[in-house]
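*Asks:* Sharing a structure, written as structure tokens. Questions coming.
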Amino acid sequence: MAARAKRAKVEDGSELSPLQSFLQWCDGVGLELSSKVCVSKEGIVAEYGMLAKDDIEEGEVLFTIPRSALLHQGTTKVSTLLEKEQSSLQSSSGWVPLLLALLYEYTSSQSHWKAYLSLWTDFKTLDHPMFWSKEERGRLLKGTGVPEAVDRDLANIQREYTDVVLPFMTRHPDLWNPGTHTLDLYTQLVAFVMAYSFQEPQDEEDEEEEEEEKPPNPPMMVPMADMLNHVSNHNANLEFTQDSLKMVCVRPIHKGQEVFNTYGQIANWQLLHMYGFTEPCSSNSNDTADIPVANLYEAAARGAQSDLDRQLVEEQWEVLCQIMEEKAAFVFGKQGCLTDTELHTALKVLCMSKEELSEFKDNEGWEEDDEDDEKISLALSNEGLPKLKASWKRLIYEAACLTLRSYGDGEDEEKVMDVDRALMEDKAALMGLSCRQWKALQVRYGQKSILHGLMELTKS
Ligand SMILES: C[S@@+](CC[C@H](N)C(=O)[O-])C[C@H]1O[C@@H](n2cnc3c(N)ncnc32)[C@H](O)[C@@H]1O
């Protein structure tokens, strides 16, 4: 692969930049760009992005992309073959057809999407933790859940490439070649799909009608929409219509401001894992921290005073493992618990008396459960947490404390918190951090702050 994009020659002999070629291509495929916006590298949070050239009102359409310009398994030049062989291309990610399309189009000099894909000549701007060393991930992101997620991704990518993609490419040597379409390129394209693709939401009516849950729509590449960066407090949103996709302004944007899309309500650890960046933790309103259910159990076990108590906790845990997975976790946001019904169930089980437990077992569940969802959600919000009964508060407090400790190497929870708090408050030290160190700090400190806040709300 050429290290730099070749510049296209125009008639007067001057050369077009990759961005100019892309914009010319957009024009050619019927993509309509409002005169109030432009793609830019200046005044943008990262590489390319979109700027307002004029004030924009809520509801104004910033650009419209015809469906024929989208790049996916149904539009690529190799679509017929992918369709014919779809049964051999199934995998847990569901991404193989798009990735094969991208492997083909990215390395084809004749690709219809050449001007689009040439914007990313070597994917060097992708800085997902999957491209960091294992040691760096472990050191900077311990406790955040990212190292484990990346290990799973890398194992899946390797398995998918070896078991599905390679045999397929070998059957079609006229179109793919493992010498060019290597595991390295495949991995880069996975990261590209993670960070740049879009998934069309399921039709709501279909969803209601269908008894069984339909699998999610496969991902697709949406030129121009993927030039927009993300913030949780976004000002534009992509709308899907039958013939086209439209980026619509959802909040007034002033001249000179950046146009921000939303990639979803995404916590910093997920932003880092899937997109390779984070927001400052104080401004990401969607930030979360997880408490593993195993930590709630351990908190209960630590509170047991006698052998009888210990036995009761073991029985409660056995019951709980039948209701939820042993590896499950409760998610806490800035306003309280987001997996409230699950946490409510776990607290109920782990705080049952011996009599209640045997009744529960005899009845194969609770006899009647009259607590409504709204009440539960309020009880486990920041407002309700301090008012919970003491036994529930103690479990949440202890579990948050145990989780906080898992970020450190055996230090107590206050020390674990203080290391990053001191760093966050030291402007000179912050300036000296590498980009990766800064991003990891936002993930760690955001999560730790949520856990620490939870301890404050539930301490007795
Ligand atoms: C859909 S692309 C957006 C276009 C991208 N800036 C480019 O030049 O190709 C997503 C990538 O943009 C970057 N990005 C998006 N939002 C960002 C933000 N708020 N801060 C820093 N980087 C961001 C990340 O590298 C992310 O993987």
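Residues are named by chain letter and number: chains run A, B, ... in the order of the structure tokens, numbers start at 1 in each chain, and ligands are numbered from 1 in the order shown.
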Please identify all protein, DNA and RNA residues within 6 Å of ligand 1, counting only C-alpha atoms and all ligand atoms, and report them as a list in words.
*Replies:*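 Listing the residues within 6 Å of ligand 1 gives Val45, Ala46, Glu47, Tyr48, Gly49, Leu126, Ala195, Tyr196, Asp226, Met227, Leu228, Asn229, His230, Val231, Tyr275, Gly276, Phe277 and Glu279 of chain A.
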*Asks:* Restricted to N, CA and C atoms, what would the selected residues look like written as a compact mmCIF listing (two decimals), in the first residue's frame?
*Replies:*
# COMPACT_ATOMS: atom_id res chain seq x y z
N VAL A 45 -11.62 19.05 16.25
CA VAL A 45 -11.01 18.33 17.39
C VAL A 45 -10.05 17.23 16.94
N ALA A 46 -10.23 16.68 15.75
CA ALA A 46 -9.34 15.59 15.32
C ALA A 46 -9.32 15.49 13.81
N GLU A 47 -8.15 15.61 13.21
CA GLU A 47 -8.01 15.45 11.75
C GLU A 47 -9.10 16.21 11.00
N TYR A 48 -9.89 15.46 10.19
CA TYR A 48 -10.98 16.11 9.47
C TYR A 48 -12.20 16.26 10.37
N GLY A 49 -13.07 17.18 10.00
CA GLY A 49 -14.34 17.36 10.67
C GLY A 49 -15.15 18.34 9.85
N LEU A 126 -5.81 6.00 13.34
CA LEU A 126 -6.56 5.15 14.28
C LEU A 126 -5.67 4.81 15.45
N ALA A 195 -14.85 2.43 14.05
CA ALA A 195 -14.85 3.88 14.29
C ALA A 195 -15.62 4.68 13.24
N TYR A 196 -15.81 4.13 12.05
CA TYR A 196 -16.38 4.94 10.96
C TYR A 196 -17.71 4.43 10.43
N ASP A 226 -19.33 10.20 7.92
CA ASP A 226 -18.24 9.75 8.80
C ASP A 226 -17.08 10.76 8.86
N MET A 227 -17.30 11.95 8.30
CA MET A 227 -16.28 13.01 8.49
C MET A 227 -16.57 13.77 9.78
N LEU A 228 -17.75 13.53 10.35
CA LEU A 228 -18.12 14.29 11.55
C LEU A 228 -17.59 13.63 12.82
N ASN A 229 -17.09 14.45 13.70
CA ASN A 229 -16.63 13.97 15.01
C ASN A 229 -17.80 13.91 15.98
N HIS A 230 -17.53 13.33 17.16
CA HIS A 230 -18.61 13.09 18.14
C HIS A 230 -18.38 13.86 19.43
N VAL A 231 -19.44 14.39 20.00
CA VAL A 231 -19.43 14.77 21.43
C VAL A 231 -20.78 14.37 22.01
N TYR A 275 -13.44 3.66 19.30
CA TYR A 275 -13.13 4.81 18.43
C TYR A 275 -11.72 5.37 18.64
N GLY A 276 -11.06 4.93 19.72
CA GLY A 276 -9.68 5.39 19.93
C GLY A 276 -9.56 6.79 20.49
N PHE A 277 -10.65 7.37 21.01
CA PHE A 277 -10.53 8.68 21.66
C PHE A 277 -11.45 8.72 22.88
N GLU A 279 -13.71 11.70 25.53
CA GLU A 279 -14.04 13.09 25.84
C GLU A 279 -13.42 13.38 27.20
*Asks:* Would you pick out the contacts of A:Asn177 at 12 Å or less, using only C-alpha atoms, so that residues sharing its chain but fewer than 2 positions from it are not included, and give the list as a ChimeraX atom specification?
*Replies:* /A:100,103-104,107-108,165-175,179-183,185
*Asks:* Skipping near chain neighbours, those fewer than 3 positions away, what residues fall within 8 Å of A:Pro292 using only C-alpha atoms, listed as number ranges by chain?
*Replies:* A: 295-296, 327-330, 403
*Asks:* Can you list, as number ranges by chain, every protein, DNA or RNA residue that comes within 8 Å of stretch 249-262 of chain A when you count only C-alpha atoms, leaving out same-chain residues fewer than 5 positions away?
*Replies:* A: 43-44, 49-62, 228-232, 234-238
*Asks:* Include C-alpha atoms and write out the residues we just selected as a short mmCIF file (atom, residue, chain, number, x, y, z; two decimals), in the first residue's frame.
*Replies:*
data_model
loop_
_atom_site.label_atom_id
_atom_site.label_comp_id
_atom_site.auth_asym_id
_atom_site.auth_seq_id
_atom_site.Cartn_x
_atom_site.Cartn_y
_atom_site.Cartn_z
CA GLY A 43 -10.57 24.32 14.06
CA ILE A 44 -11.49 20.65 14.40
CA GLY A 49 -14.34 17.36 10.67
CA MET A 50 -17.15 19.68 9.61
CA LEU A 51 -17.43 23.41 10.30
CA ALA A 52 -20.39 25.79 10.07
CA LYS A 53 -19.67 28.61 7.57
CA ASP A 54 -22.86 30.37 8.63
CA ASP A 55 -25.41 30.22 11.46
CA ILE A 56 -27.52 27.06 11.18
CA GLU A 57 -31.01 26.57 12.60
CA GLU A 58 -32.40 23.44 14.21
CA GLY A 59 -33.98 21.22 11.54
CA GLU A 60 -31.78 22.39 8.65
CA VAL A 61 -30.34 19.60 6.49
CA LEU A 62 -26.54 19.79 6.30
CA LEU A 228 -18.12 14.29 11.55
CA ASN A 229 -16.63 13.97 15.01
CA HIS A 230 -18.61 13.09 18.14
CA VAL A 231 -19.43 14.77 21.43
CA SER A 232 -22.10 13.75 23.90
CA HIS A 234 -23.92 16.96 19.83
CA ASN A 235 -25.63 19.34 17.42
CA ALA A 236 -26.42 17.09 14.43
CA ASN A 237 -27.92 13.67 13.87
CA LEU A 238 -28.14 11.25 10.93
#
*Asks:* Contacts of stretch 75-79 of chain A at 8 Å or less, counting only C-alpha atoms, minus same-chain residues fewer than 5 places along, as JSON, numbers by chain?
*Replies:* {"A": [68, 70, 101, 104, 105]}
*Asks:* Can you check which residues of stretch 256-408 of chain A DSSP gives as alpha helix (DSSP H) on the backbone and send them as an MDAnalysis selection string?
*Replies:* chainID A and resid 268:275 293:303 307:323 340:350 354:363 373:379 390:405
*Asks:* Write a file of the just-selected residues containing C-alpha atoms, as a PDB file, in the first residue's frame.
*Replies:*
ATOM      1  CA  ASN A 268     -15.426   6.959  27.748  1.00  0.00           C
ATOM      2  CA  TRP A 269     -14.169   3.364  28.045  1.00  0.00           C
ATOM      3  CA  GLN A 270     -16.327   2.416  25.059  1.00  0.00           C
ATOM      4  CA  LEU A 271     -15.270   5.507  23.097  1.00  0.00           C
ATOM      5  CA  LEU A 272     -11.655   4.531  23.646  1.00  0.00           C
ATOM      6  CA  HIS A 273     -12.256   0.861  22.865  1.00  0.00           C
ATOM      7  CA  MET A 274     -14.307   1.396  19.688  1.00  0.00           C
ATOM      8  CA  TYR A 275     -13.126   4.809  18.426  1.00  0.00           C
ATOM      9  CA  VAL A 293     -21.969  -8.834  40.362  1.00  0.00           C
ATOM     10  CA  ALA A 294     -19.130 -10.942  41.805  1.00  0.00           C
ATOM     11  CA  ASN A 295     -18.081  -7.879  43.855  1.00  0.00           C
ATOM     12  CA  LEU A 296     -21.578  -7.578  45.289  1.00  0.00           C
ATOM     13  CA  TYR A 297     -21.368 -11.228  46.296  1.00  0.00           C
ATOM     14  CA  GLU A 298     -17.929 -10.712  47.813  1.00  0.00           C
ATOM     15  CA  ALA A 299     -19.278  -7.749  49.793  1.00  0.00           C
ATOM     16  CA  ALA A 300     -22.067  -9.991  51.100  1.00  0.00           C
ATOM     17  CA  ALA A 301     -19.593 -12.768  51.965  1.00  0.00           C
ATOM     18  CA  ARG A 302     -17.356 -10.312  53.852  1.00  0.00           C
ATOM     19  CA  GLY A 303     -20.333  -9.186  55.934  1.00  0.00           C
ATOM     20  CA  ASP A 307     -20.788 -20.097  59.542  1.00  0.00           C
ATOM     21  CA  LEU A 308     -24.559 -20.006  59.214  1.00  0.00           C
ATOM     22  CA  ASP A 309     -24.371 -16.542  57.654  1.00  0.00           C
ATOM     23  CA  ARG A 310     -21.658 -17.735  55.278  1.00  0.00           C
ATOM     24  CA  GLN A 311     -23.761 -20.700  54.242  1.00  0.00           C
ATOM     25  CA  LEU A 312     -26.729 -18.423  53.617  1.00  0.00           C
ATOM     26  CA  VAL A 313     -24.628 -16.167  51.366  1.00  0.00           C
ATOM     27  CA  GLU A 314     -23.446 -19.207  49.378  1.00  0.00           C
ATOM     28  CA  GLU A 315     -27.047 -20.282  48.855  1.00  0.00           C
ATOM     29  CA  GLN A 316     -28.073 -16.746  47.871  1.00  0.00           C
ATOM     30  CA  TRP A 317     -25.212 -16.624  45.367  1.00  0.00           C
ATOM     31  CA  GLU A 318     -26.276 -19.955  43.891  1.00  0.00           C
ATOM     32  CA  VAL A 319     -29.779 -18.551  43.366  1.00  0.00           C
ATOM     33  CA  LEU A 320     -28.379 -15.343  41.878  1.00  0.00           C
ATOM     34  CA  CYS A 321     -26.206 -17.257  39.401  1.00  0.00           C
ATOM     35  CA  GLN A 322     -29.354 -18.914  38.099  1.00  0.00           C
ATOM     36  CA  ILE A 323     -30.916 -15.515  37.481  1.00  0.00           C
ATOM     37  CA  ASP A 340     -31.606  -0.845  37.982  1.00  0.00           C
ATOM     38  CA  THR A 341     -33.919  -3.868  37.713  1.00  0.00           C
ATOM     39  CA  GLU A 342     -30.936  -6.243  37.685  1.00  0.00           C
ATOM     40  CA  LEU A 343     -29.313  -4.534  40.667  1.00  0.00           C
ATOM     41  CA  HIS A 344     -32.626  -4.484  42.522  1.00  0.00           C
ATOM     42  CA  THR A 345     -32.992  -8.256  42.004  1.00  0.00           C
ATOM     43  CA  ALA A 346     -29.424  -8.933  43.125  1.00  0.00           C
ATOM     44  CA  LEU A 347     -29.823  -6.836  46.276  1.00  0.00           C
ATOM     45  CA  LYS A 348     -33.079  -8.552  47.103  1.00  0.00           C
ATOM     46  CA  VAL A 349     -31.526 -12.007  46.713  1.00  0.00           C
ATOM     47  CA  LEU A 350     -28.348 -11.183  48.632  1.00  0.00           C
ATOM     48  CA  LYS A 354     -33.079 -17.853  55.580  1.00  0.00           C
ATOM     49  CA  GLU A 355     -36.882 -18.064  55.691  1.00  0.00           C
ATOM     50  CA  GLU A 356     -37.316 -15.798  52.692  1.00  0.00           C
ATOM     51  CA  LEU A 357     -34.773 -17.837  50.757  1.00  0.00           C
ATOM     52  CA  SER A 358     -36.534 -21.156  51.379  1.00  0.00           C
ATOM     53  CA  GLU A 359     -39.867 -19.546  50.500  1.00  0.00           C
ATOM     54  CA  PHE A 360     -38.263 -18.194  47.326  1.00  0.00           C
ATOM     55  CA  LYS A 361     -36.953 -21.670  46.457  1.00  0.00           C
ATOM     56  CA  ASP A 362     -40.303 -23.363  47.204  1.00  0.00           C
ATOM     57  CA  ASN A 363     -42.213 -20.879  45.067  1.00  0.00           C
ATOM     58  CA  ASP A 373     -40.067  -0.096  37.244  1.00  0.00           C
ATOM     59  CA  GLU A 374     -40.350   3.620  37.902  1.00  0.00           C
ATOM     60  CA  LYS A 375     -40.104   3.133  41.667  1.00  0.00           C
ATOM     61  CA  ILE A 376     -37.052   0.883  41.299  1.00  0.00           C
ATOM     62  CA  SER A 377     -35.373   3.308  38.958  1.00  0.00           C
ATOM     63  CA  LEU A 378     -35.939   6.185  41.406  1.00  0.00           C
ATOM     64  CA  ALA A 379     -34.732   4.106  44.376  1.00  0.00           C
ATOM     65  CA  ALA A 390     -28.965  -0.018  55.501  1.00  0.00           C
ATOM     66  CA  SER A 391     -28.241  -3.611  54.377  1.00  0.00           C
ATOM     67  CA  TRP A 392     -28.593  -2.667  50.694  1.00  0.00           C
ATOM     68  CA  LYS A 393     -26.504   0.474  51.083  1.00  0.00           C
ATOM     69  CA  ARG A 394     -23.754  -1.505  52.797  1.00  0.00           C
ATOM     70  CA  LEU A 395     -23.561  -3.983  49.912  1.00  0.00           C
ATOM     71  CA  ILE A 396     -23.398  -1.239  47.279  1.00  0.00           C
ATOM     72  CA  TYR A 397     -20.837   0.692  49.332  1.00  0.00           C
ATOM     73  CA  GLU A 398     -18.578  -2.340  49.833  1.00  0.00           C
ATOM     74  CA  ALA A 399     -18.917  -3.480  46.222  1.00  0.00           C
ATOM     75  CA  ALA A 400     -18.029   0.026  44.939  1.00  0.00           C
ATOM     76  CA  CYS A 401     -15.049   0.035  47.291  1.00  0.00           C
ATOM     77  CA  LEU A 402     -13.832  -3.377  46.063  1.00  0.00           C
ATOM     78  CA  THR A 403     -14.244  -2.255  42.446  1.00  0.00           C
ATOM     79  CA  LEU A 404     -12.285   0.938  43.092  1.00  0.00           C
ATOM     80  CA  ARG A 405      -9.434  -1.091  44.576  1.00  0.00           C
TER      81      ARG A 405
END
*Asks:* Looking at only C-alpha atoms, which of A:Asp418, A:Asp122, A:Asp287, A:Asp151 is the one that sits closest to A:Phe192?
*Replies:*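 For A:Phe192, the nearest of the given residues is A:Asp122.
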*Asks:* Hey, what's within 12 Å of A:Tyr445 if we count only C-alpha atoms and toss same-chain stuff fewer than 3 positions away? As a PDB file with N, CA and C atoms, in the first residue's frame, please?
*Replies:*
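Result file around28.pdb:
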ATOM      1  N   LEU A 140      -1.925   1.228  31.652  1.00  0.00           N
ATOM      2  CA  LEU A 140      -2.712   2.464  31.646  1.00  0.00           C
ATOM      3  C   LEU A 140      -4.206   2.244  31.892  1.00  0.00           C
ATOM      4  N   LEU A 141      -4.673   1.024  31.602  1.00  0.00           N
ATOM      5  CA  LEU A 141      -6.139   0.847  31.616  1.00  0.00           C
ATOM      6  C   LEU A 141      -6.619  -0.237  32.571  1.00  0.00           C
ATOM      7  N   LYS A 142      -5.744  -0.638  33.489  1.00  0.00           N
ATOM      8  CA  LYS A 142      -6.124  -1.669  34.458  1.00  0.00           C
ATOM      9  C   LYS A 142      -7.415  -1.266  35.192  1.00  0.00           C
ATOM     10  N   GLY A 143      -8.337  -2.213  35.283  1.00  0.00           N
ATOM     11  CA  GLY A 143      -9.577  -1.959  36.026  1.00  0.00           C
ATOM     12  C   GLY A 143     -10.704  -1.388  35.170  1.00  0.00           C
ATOM     13  N   THR A 144     -10.356  -0.845  33.975  1.00  0.00           N
ATOM     14  CA  THR A 144     -11.385  -0.125  33.196  1.00  0.00           C
ATOM     15  C   THR A 144     -12.248  -1.047  32.336  1.00  0.00           C
ATOM     16  N   ASN A 268     -16.800   6.766  28.221  1.00  0.00           N
ATOM     17  CA  ASN A 268     -15.426   6.959  27.748  1.00  0.00           C
ATOM     18  C   ASN A 268     -14.689   5.655  27.473  1.00  0.00           C
ATOM     19  N   TRP A 269     -14.926   4.613  28.289  1.00  0.00           N
ATOM     20  CA  TRP A 269     -14.169   3.364  28.045  1.00  0.00           C
ATOM     21  C   TRP A 269     -14.578   2.770  26.699  1.00  0.00           C
ATOM     22  N   THR A 278     -11.306   9.762  23.678  1.00  0.00           N
ATOM     23  CA  THR A 278     -12.222   9.950  24.811  1.00  0.00           C
ATOM     24  C   THR A 278     -12.615  11.419  24.854  1.00  0.00           C
ATOM     25  N   GLU A 279     -13.709  11.696  25.529  1.00  0.00           N
ATOM     26  CA  GLU A 279     -14.037  13.085  25.837  1.00  0.00           C
ATOM     27  C   GLU A 279     -13.416  13.381  27.200  1.00  0.00           C
ATOM     28  N   PRO A 280     -13.186  14.672  27.542  1.00  0.00           N
ATOM     29  CA  PRO A 280     -12.779  14.957  28.919  1.00  0.00           C
ATOM     30  C   PRO A 280     -13.849  14.356  29.827  1.00  0.00           C
ATOM     31  N   CYS A 281     -13.436  13.643  30.892  1.00  0.00           N
ATOM     32  CA  CYS A 281     -14.449  12.872  31.641  1.00  0.00           C
ATOM     33  C   CYS A 281     -15.529  13.755  32.250  1.00  0.00           C
ATOM     34  N   SER A 282     -15.183  15.035  32.551  1.00  0.00           N
ATOM     35  CA  SER A 282     -16.205  15.896  33.154  1.00  0.00           C
ATOM     36  C   SER A 282     -17.282  16.266  32.140  1.00  0.00           C
ATOM     37  N   ASP A 287     -20.876   9.024  30.629  1.00  0.00           N
ATOM     38  CA  ASP A 287     -19.830   8.176  31.204  1.00  0.00           C
ATOM     39  C   ASP A 287     -20.428   7.185  32.217  1.00  0.00           C
ATOM     40  N   THR A 288     -19.818   6.015  32.321  1.00  0.00           N
ATOM     41  CA  THR A 288     -20.318   4.987  33.243  1.00  0.00           C
ATOM     42  C   THR A 288     -19.153   4.255  33.926  1.00  0.00           C
ATOM     43  N   ALA A 289     -19.485   3.557  35.010  1.00  0.00           N
ATOM     44  CA  ALA A 289     -18.538   2.627  35.649  1.00  0.00           C
ATOM     45  C   ALA A 289     -19.311   1.348  35.951  1.00  0.00           C
ATOM     46  N   LEU A 404     -13.259  -0.155  43.140  1.00  0.00           N
ATOM     47  CA  LEU A 404     -12.285   0.938  43.092  1.00  0.00           C
ATOM     48  C   LEU A 404     -10.873   0.407  43.343  1.00  0.00           C
ATOM     49  N   TYR A 407      -8.463  -1.005  40.464  1.00  0.00           N
ATOM     50  CA  TYR A 407      -7.671  -0.161  39.547  1.00  0.00           C
ATOM     51  C   TYR A 407      -6.218  -0.065  40.001  1.00  0.00           C
ATOM     52  N   VAL A 416      -6.051   4.815  45.583  1.00  0.00           N
ATOM     53  CA  VAL A 416      -6.333   4.585  44.160  1.00  0.00           C
ATOM     54  C   VAL A 416      -6.967   5.843  43.553  1.00  0.00           C
ATOM     55  N   MET A 417      -7.844   6.471  44.325  1.00  0.00           N
ATOM     56  CA  MET A 417      -8.543   7.671  43.865  1.00  0.00           C
ATOM     57  C   MET A 417      -7.576   8.856  43.817  1.00  0.00           C
ATOM     58  N   ASP A 418      -6.754   8.961  44.863  1.00  0.00           N
ATOM     59  CA  ASP A 418      -5.877  10.134  44.996  1.00  0.00           C
ATOM     60  C   ASP A 418      -4.842  10.243  43.891  1.00  0.00           C
ATOM     61  N   VAL A 419      -4.313   9.080  43.411  1.00  0.00           N
ATOM     62  CA  VAL A 419      -3.263   9.131  42.380  1.00  0.00           C
ATOM     63  C   VAL A 419      -3.765   9.919  41.176  1.00  0.00           C
ATOM     64  N   ASP A 420      -4.954   9.558  40.691  1.00  0.00           N
ATOM     65  CA  ASP A 420      -5.452  10.225  39.492  1.00  0.00           C
ATOM     66  C   ASP A 420      -6.033  11.606  39.799  1.00  0.00           C
ATOM     67  N   ARG A 421      -6.565  11.772  41.006  1.00  0.00           N
ATOM     68  CA  ARG A 421      -7.103  13.093  41.365  1.00  0.00           C
ATOM     69  C   ARG A 421      -5.959  14.106  41.353  1.00  0.00           C
ATOM     70  N   ALA A 422      -4.826  13.711  41.935  1.00  0.00           N
ATOM     71  CA  ALA A 422      -3.671  14.612  41.986  1.00  0.00           C
ATOM     72  C   ALA A 422      -3.223  14.971  40.563  1.00  0.00           C
ATOM     73  N   LEU A 423      -3.226  13.975  39.693  1.00  0.00           N
ATOM     74  CA  LEU A 423      -2.812  14.198  38.308  1.00  0.00           C
ATOM     75  C   LEU A 423      -3.784  15.152  37.603  1.00  0.00           C
ATOM     76  N   MET A 424      -5.082  14.944  37.826  1.00  0.00           N
ATOM     77  CA  MET A 424      -6.091  15.784  37.174  1.00  0.00           C
ATOM     78  C   MET A 424      -5.968  17.240  37.621  1.00  0.00           C
ATOM     79  N   GLU A 425      -5.470  17.441  38.847  1.00  0.00           N
ATOM     80  CA  GLU A 425      -5.419  18.808  39.379  1.00  0.00           C
ATOM     81  C   GLU A 425      -4.074  19.488  39.093  1.00  0.00           C
ATOM     82  N   GLN A 437      -1.685   8.462  27.420  1.00  0.00           N
ATOM     83  CA  GLN A 437      -1.779   8.604  28.891  1.00  0.00           C
ATOM     84  C   GLN A 437      -2.964   9.495  29.260  1.00  0.00           C
ATOM     85  N   TRP A 438      -3.173  10.549  28.460  1.00  0.00           N
ATOM     86  CA  TRP A 438      -4.273  11.476  28.757  1.00  0.00           C
ATOM     87  C   TRP A 438      -5.623  10.771  28.573  1.00  0.00           C
ATOM     88  N   LYS A 439      -5.744  10.024  27.472  1.00  0.00           N
ATOM     89  CA  LYS A 439      -7.018   9.340  27.206  1.00  0.00           C
ATOM     90  C   LYS A 439      -7.298   8.302  28.300  1.00  0.00           C
ATOM     91  N   ALA A 440      -6.267   7.548  28.666  1.00  0.00           N
ATOM     92  CA  ALA A 440      -6.449   6.513  29.700  1.00  0.00           C
ATOM     93  C   ALA A 440      -6.845   7.161  31.026  1.00  0.00           C
ATOM     94  N   LEU A 441      -6.261   8.327  31.303  1.00  0.00           N
ATOM     95  CA  LEU A 441      -6.604   9.033  32.545  1.00  0.00           C
ATOM     96  C   LEU A 441      -8.082   9.442  32.552  1.00  0.00           C
ATOM     97  N   GLN A 442      -8.570   9.899  31.414  1.00  0.00           N
ATOM     98  CA  GLN A 442      -9.995  10.304  31.353  1.00  0.00           C
ATOM     99  C   GLN A 442     -10.901   9.106  31.632  1.00  0.00           C
ATOM    100  N   LYS A 448     -13.571   6.076  38.207  1.00  0.00           N
ATOM    101  CA  LYS A 448     -13.296   6.138  39.650  1.00  0.00           C
ATOM    102  C   LYS A 448     -14.185   7.179  40.325  1.00  0.00           C
ATOM    103  N   SER A 449     -14.408   8.316  39.630  1.00  0.00           N
ATOM    104  CA  SER A 449     -15.242   9.366  40.239  1.00  0.00           C
ATOM    105  C   SER A 449     -16.662   8.867  40.437  1.00  0.00           C
ATOM    106  N   ILE A 450     -17.169   8.108  39.472  1.00  0.00           N
ATOM    107  CA  ILE A 450     -18.537   7.581  39.619  1.00  0.00           C
ATOM    108  C   ILE A 450     -18.585   6.619  40.805  1.00  0.00           C
ATOM    109  N   LEU A 451     -17.588   5.755  40.928  1.00  0.00           N
ATOM    110  CA  LEU A 451     -17.571   4.784  42.034  1.00  0.00           C
ATOM    111  C   LEU A 451     -17.408   5.488  43.379  1.00  0.00           C
ATOM    112  N   HIS A 452     -16.550   6.500  43.393  1.00  0.00           N
ATOM    113  CA  HIS A 452     -16.314   7.241  44.629  1.00  0.00           C
ATOM    114  C   HIS A 452     -17.589   7.978  45.039  1.00  0.00           C
ATOM    115  N   GLY A 453     -18.266   8.562  44.054  1.00  0.00           N
ATOM    116  CA  GLY A 453     -19.532   9.253  44.321  1.00  0.00           C
ATOM    117  C   GLY A 453     -20.559   8.290  44.890  1.00  0.00           C
TER     118      GLY A 453
END
*Asks:* When distances are computed from only C-alpha atoms, which of A:Gln158, A:Asn217, A:Ser17, A:Asn233 shows the smallest separation from A:Ser197?
*Replies:*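 Of all the options, A:Asn217 lies closest to A:Ser197.
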*Asks:* Between A:Asn286, A:Thr458, A:Gln447, A:Ser34, which has the minimum distance to A:Asn382 (counting only C-alpha atoms)?
*Replies:*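 Using only C-alpha atoms, the shortest distance to A:Asn382 belongs to A:Thr458.
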